[in-house]
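*Asks:* For reference, this is start-v8.txt, and it has compact mmCIF, C-alpha atoms.
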# COMPACT_ATOMS: atom_id res chain seq x y z
CA MET F 1 55.67 -8.05 -35.11
CA ARG F 2 57.10 -8.68 -31.65
CA TRP F 3 56.03 -5.23 -30.40
CA ILE F 4 52.56 -5.66 -31.82
CA LEU F 5 52.25 -9.01 -30.04
CA ILE F 6 53.39 -7.53 -26.72
CA VAL F 7 50.85 -4.69 -26.97
CA ALA F 8 48.03 -7.11 -27.72
CA MET F 9 48.93 -9.23 -24.71
CA LEU F 10 48.91 -6.19 -22.44
CA VAL F 11 45.50 -5.05 -23.66
CA ALA F 12 44.04 -8.51 -22.98
CA SER F 13 45.61 -8.80 -19.52
CA PRO F 14 43.43 -9.55 -16.46
CA VAL F 15 44.59 -6.32 -14.78
CA TRP F 16 42.57 -4.23 -17.26
CA ALA F 17 39.47 -6.39 -16.70
CA GLN F 18 39.78 -6.06 -12.92
CA ASP F 19 39.81 -2.26 -13.19
CA ASP F 20 36.45 -2.53 -14.95
CA GLY F 21 35.00 -5.09 -12.49
CA ARG F 22 31.35 -4.81 -11.53
CA ILE F 23 29.01 -6.60 -9.16
CA ILE F 24 25.35 -6.74 -10.19
CA VAL F 25 22.77 -7.71 -7.58
CA THR F 26 19.02 -7.59 -7.04
CA GLY F 27 17.12 -6.99 -3.84
CA GLU F 28 13.52 -7.30 -2.74
CA GLY F 29 11.72 -5.68 0.16
CA ARG F 30 8.44 -7.13 1.44
CA ILE F 31 6.26 -5.30 3.93
CA THR F 32 3.16 -6.80 5.53
CA ALA F 33 0.33 -4.66 6.80
CA VAL F 34 -3.16 -5.08 8.17
CA PRO F 35 -5.64 -3.64 5.61
CA ASP F 36 -7.91 -0.80 6.63
CA MET F 37 -10.25 -0.71 3.62
CA ALA F 38 -11.85 -3.01 1.08
CA THR F 39 -13.25 -2.72 -2.44
CA VAL F 40 -16.21 -4.88 -3.38
CA ARG F 41 -17.42 -5.42 -6.95
CA MET F 42 -21.06 -6.39 -6.99
CA GLY F 43 -24.08 -6.10 -9.23
CA VAL F 44 -27.70 -6.77 -10.02
CA THR F 45 -28.96 -8.84 -12.93
CA GLY F 46 -32.45 -9.46 -14.22
CA GLU F 47 -34.41 -10.84 -17.15
CA ALA F 48 -37.72 -9.88 -18.73
CA PRO F 49 -39.51 -10.40 -22.08
CA ASP F 50 -39.29 -6.65 -22.77
CA ALA F 51 -36.02 -4.64 -22.83
CA ALA F 52 -37.46 -1.71 -20.87
CA ASP F 53 -38.82 -4.05 -18.20
CA ALA F 54 -35.49 -5.82 -17.80
CA MET F 55 -33.65 -2.51 -17.34
CA ALA F 56 -36.34 -1.15 -15.01
CA GLN F 57 -36.08 -4.29 -12.89
CA VAL F 58 -32.33 -3.97 -12.27
CA SER F 59 -32.57 -0.19 -11.86
CA GLU F 60 -35.19 -0.57 -9.14
CA THR F 61 -33.12 -3.20 -7.33
CA MET F 62 -29.91 -1.20 -7.63
CA THR F 63 -31.69 1.83 -6.16
CA ARG F 64 -32.50 -0.27 -3.08
CA VAL F 65 -28.93 -1.55 -2.88
CA GLN F 66 -27.51 1.96 -3.02
CA ALA F 67 -29.96 3.06 -0.32
CA VAL F 68 -28.65 0.27 1.91
CA LEU F 69 -25.07 1.39 1.25
CA GLU F 70 -25.94 5.00 2.04
CA ALA F 71 -27.66 3.95 5.28
CA ALA F 72 -24.47 2.07 6.23
CA GLY F 73 -22.48 5.29 5.90
CA ILE F 74 -20.87 4.60 2.52
CA GLU F 75 -20.22 7.95 0.86
CA ALA F 76 -21.27 8.70 -2.74
CA ARG F 77 -17.61 9.13 -3.76
CA ASP F 78 -16.99 5.49 -2.81
CA ILE F 79 -19.68 4.06 -5.11
CA GLN F 80 -18.98 3.87 -8.84
CA THR F 81 -20.91 2.24 -11.68
CA THR F 82 -18.64 -0.23 -13.45
CA ALA F 83 -21.04 -2.11 -15.75
CA LEU F 84 -24.35 -1.32 -17.42
CA GLN F 85 -25.55 -3.83 -19.99
CA LEU F 86 -28.70 -4.77 -21.85
CA ASN F 87 -28.52 -7.79 -24.15
CA PRO F 88 -31.11 -9.84 -26.04
CA ARG F 89 -31.60 -13.51 -25.23
CA TRP F 90 -31.87 -15.64 -28.33
CA ASP F 91 -33.67 -18.88 -29.04
CA ASN F 92 -31.45 -20.64 -31.57
CA ARG F 93 -33.71 -23.59 -32.07
CA VAL F 94 -35.12 -23.91 -35.57
CA THR F 95 -38.85 -24.57 -35.30
CA ARG F 96 -39.78 -24.23 -38.95
CA GLU F 97 -37.84 -24.58 -42.12
CA GLY F 98 -36.17 -21.29 -43.03
CA GLU F 99 -36.85 -19.72 -39.64
CA GLY F 100 -33.75 -18.28 -37.92
CA PRO F 101 -32.95 -17.45 -34.29
CA ARG F 102 -35.44 -15.19 -32.50
CA ILE F 103 -35.31 -12.92 -29.46
CA ILE F 104 -37.20 -14.40 -26.52
CA GLY F 105 -36.28 -11.84 -23.85
CA TYR F 106 -33.65 -9.46 -22.52
CA TYR F 107 -30.90 -9.68 -19.93
CA ALA F 108 -29.87 -6.55 -18.01
CA GLU F 109 -26.99 -5.93 -15.62
CA ASN F 110 -25.97 -3.01 -13.41
CA GLY F 111 -22.62 -3.40 -11.65
CA ILE F 112 -20.93 -1.18 -9.09
CA SER F 113 -17.64 -0.93 -7.23
CA VAL F 114 -17.89 -0.03 -3.54
CA ARG F 115 -15.09 1.11 -1.23
CA VAL F 116 -15.70 0.20 2.40
CA ARG F 117 -13.43 2.29 4.63
CA ASP F 118 -14.62 0.78 7.91
CA LEU F 119 -13.84 -2.93 7.77
CA SER F 120 -15.92 -3.64 10.86
CA GLN F 121 -18.95 -2.94 8.64
CA LEU F 122 -17.91 -5.10 5.70
CA GLY F 123 -19.70 -8.33 6.63
CA ASP F 124 -22.90 -6.51 7.56
CA VAL F 125 -22.84 -4.45 4.37
CA LEU F 126 -22.42 -7.53 2.17
CA GLY F 127 -25.23 -9.36 3.94
CA ALA F 128 -27.56 -6.36 3.70
CA VAL F 129 -27.07 -5.72 -0.03
CA VAL F 130 -27.67 -9.40 -0.80
CA ALA F 131 -30.91 -9.24 1.20
CA ASP F 132 -31.98 -6.24 -0.89
CA GLY F 133 -31.32 -7.81 -4.27
CA ALA F 134 -27.61 -7.85 -5.17
CA ASN F 135 -27.12 -11.20 -6.87
CA GLN F 136 -23.69 -10.91 -8.45
CA PHE F 137 -20.27 -10.66 -6.80
CA ARG F 138 -17.21 -10.13 -8.96
CA GLY F 139 -14.48 -9.86 -6.38
CA LEU F 140 -13.23 -8.46 -3.12
CA SER F 141 -9.86 -6.82 -2.52
CA PHE F 142 -8.24 -5.43 0.59
CA ASP F 143 -5.92 -2.44 0.70
CA VAL F 144 -4.53 0.34 2.87
CA ALA F 145 -5.72 3.90 2.41
CA ASP F 146 -2.22 5.41 2.65
CA ARG F 147 0.24 3.26 0.71
CA ALA F 148 3.08 5.79 0.49
CA PRO F 149 4.83 5.01 3.83
CA LEU F 150 4.63 1.26 3.18
CA LEU F 151 6.04 1.63 -0.34
CA GLU F 152 8.88 3.74 1.02
CA GLU F 153 9.67 1.10 3.63
CA ALA F 154 9.59 -1.68 1.01
CA ARG F 155 11.96 0.25 -1.27
CA ARG F 156 14.41 0.89 1.57
CA ALA F 157 14.36 -2.80 2.45
CA ALA F 158 15.01 -3.75 -1.20
CA VAL F 159 18.04 -1.46 -1.41
CA ALA F 160 19.39 -2.75 1.92
CA GLU F 161 19.09 -6.36 0.76
CA ALA F 162 20.82 -5.62 -2.55
CA ARG F 163 23.71 -3.83 -0.81
CA ALA F 164 24.11 -6.68 1.69
CA LYS F 165 24.33 -9.14 -1.19
CA ALA F 166 26.93 -7.03 -2.95
CA GLU F 167 29.08 -6.84 0.21
CA LEU F 168 28.84 -10.61 0.68
CA TYR F 169 29.80 -11.36 -2.93
CA ALA F 170 32.70 -8.91 -2.83
CA GLU F 171 34.05 -10.52 0.35
CA ALA F 172 33.61 -14.04 -1.04
CA ALA F 173 35.36 -13.06 -4.29
CA GLY F 174 38.23 -11.36 -2.48
CA VAL F 175 37.62 -7.92 -3.93
CA THR F 176 36.76 -4.54 -2.46
CA LEU F 177 33.25 -3.22 -3.03
CA GLY F 178 33.34 0.18 -4.70
CA GLY F 179 30.74 2.85 -5.22
CA MET F 180 27.33 2.33 -6.75
CA ILE F 181 27.24 2.81 -10.51
CA GLU F 182 23.55 2.31 -11.21
CA LEU F 183 20.24 1.61 -9.47
CA ARG F 184 17.10 0.47 -11.28
CA GLU F 185 13.72 -0.17 -9.74
CA GLY F 186 12.33 -3.50 -10.82
CA GLY F 187 8.79 -2.60 -9.84
CA VAL F 188 6.37 -2.67 -6.95
CA HIS F 189 3.69 -5.21 -6.19
CA MET F 190 0.37 -4.21 -4.68
CA PRO F 191 -2.36 -6.38 -3.19
CA SER F 192 -4.24 -8.41 -5.79
CA PRO F 193 -8.01 -8.85 -5.83
CA MET F 194 -9.29 -11.98 -4.14
CA GLN F 195 -12.61 -13.67 -4.71
CA ALA F 196 -15.19 -13.21 -1.97
CA GLU F 197 -16.54 -16.45 -0.59
CA MET F 198 -20.21 -16.05 0.23
CA ARG F 199 -21.37 -18.26 3.13
CA MET F 200 -24.72 -17.33 4.64
CA ALA F 201 -27.29 -19.41 6.45
CA SER F 202 -29.96 -16.83 5.61
CA ALA F 203 -30.13 -13.63 3.61
CA ASP F 204 -30.17 -11.35 6.66
CA MET F 205 -26.94 -12.70 8.15
CA ALA F 206 -23.62 -10.93 7.86
CA VAL F 207 -21.13 -12.44 5.41
CA PRO F 208 -18.06 -13.84 7.22
CA VAL F 209 -14.95 -12.16 5.79
CA ALA F 210 -11.36 -12.38 7.06
CA GLU F 211 -9.09 -9.56 5.92
CA GLY F 212 -5.79 -11.12 7.11
CA GLU F 213 -2.69 -9.24 5.96
CA ILE F 214 -1.57 -7.77 2.67
CA VAL F 215 1.95 -7.73 1.27
CA ILE F 216 3.51 -4.78 -0.54
CA SER F 217 6.86 -5.49 -2.19
CA ALA F 218 9.47 -3.59 -4.19
CA SER F 219 12.52 -4.82 -6.09
CA VAL F 220 15.70 -3.12 -7.30
CA THR F 221 18.77 -3.95 -9.36
CA MET F 222 22.04 -2.33 -8.26
CA ILE F 223 25.41 -2.24 -9.97
CA PHE F 224 28.57 -1.64 -7.91
CA ALA F 225 32.16 -1.16 -8.94
CA SER F 226 34.69 -3.63 -7.52
CA GLU F 227 38.40 -3.12 -6.94
Represent the supplied structure as structure tokens.
*Replies:*
Amino acid sequence: MRWILIVAMLVASPVWAQDDGRIIVTGEGRITAVPDMATVRMGVTGEAPDAADAMAQVSETMTRVQAVLEAAGIEARDIQTTALQLNPRWDNRVTREGEGPRIIGYYAENGISVRVRDLSQLGDVLGAVVADGANQFRGLSFDVADRAPLLEEARRAAVAEARAKAELYAEAAGVTLGGMIELREGGVHMPSPMQAEMRMASADMAVPVAEGEIVISASVTMIFASE
């Protein structure tokens, strides 16, 4: 029994735990950049008593909007249809006993997503399409055309921050930082869409838009051995 007790005490000793010591840290890298492109989600809506008339109305208006975009130098590859709807409008009032809801007209919608690669044109483009019939805005987001170098920089910064933390904790704990055991990427964060604020004194004025800066971030978790 005495030998068994001695063995058990040795196995549970702090020396064994120190040999297996680890330091787990996280790091985040955040890179700011001035955007060089924007994506606008806009559309045309219309109503008419007849379904064909409602759809023809929005189709005609959207044709004018797309012509304005083409005249502004927006390429066909940067214009994509995102919504095409035709729905009945119901009158739910009961006028006579036993009479149910009835269709009183139709609502049509044609929505598009537009990439504007020259931000100096953005305000003018928005003002022009509104003047030619666009009556629905669903959002505006800014981005950079080439994200790869910024993502690489953010990832490097995340790893550097995590390593600096590990070195600090090792020094504070009085241990030696060993080699890296594991590295896991926590994810990357891209610019999020922001709502466009439309402020125009008249329909032919450019829409004031401020692109500001965007932030691209990356995070990592790193595990180091400690001695």
*Asks:* Nearest to Ile24 in chain F among F:Ala148, F:Val209, F:Val58, F:Leu183, with distances taken over all atoms listed in the file: which residue is it?
*Replies:*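 The closest residue to Ile24 in chain F is F:Leu183.
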*Asks:* What separation in Å, quoted to one decimal, exists between CA of Asp132 in chain F and CA of Arg64 in chain F?
*Replies:*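 Calculated distance between CA of Asp132 in chain F and CA of Arg64 in chain F is 6.4 Å.
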*Asks:* Provide the CA of Ser113 in chain F to CA of Ala218 in chain F distance in Å, to one decimal place.
*Replies:*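 So the two atoms, CA of Ser113 in chain F and CA of Ala218 in chain F, lie 27.4 Å apart.
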*Asks:* Return the single residue from F:Ala170, F:Leu69, F:Ala158, F:Ala225 that is closest to Leu126 in chain F, with distances computed using all atoms listed in the file.
*Replies:*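 Among F:Ala170, F:Leu69, F:Ala158, F:Ala225, it is F:Leu69 that comes nearest to Leu126 in chain F.
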*Asks:* Which one is closest to Pro49 in chain F: F:Gly105, F:Gly178, F:Gly73, F:Gly21? Count all atoms listed in the file.
*Replies:*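 Closest residue, counting all atoms listed in the file: F:Gly105.
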*Asks:* One decimal, Å: what's the distance from CA of Ala52 in chain F over to CA of Leu86 in chain F, could you say?
*Replies:*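 Here the two named atoms are 9.3 Å from each other.
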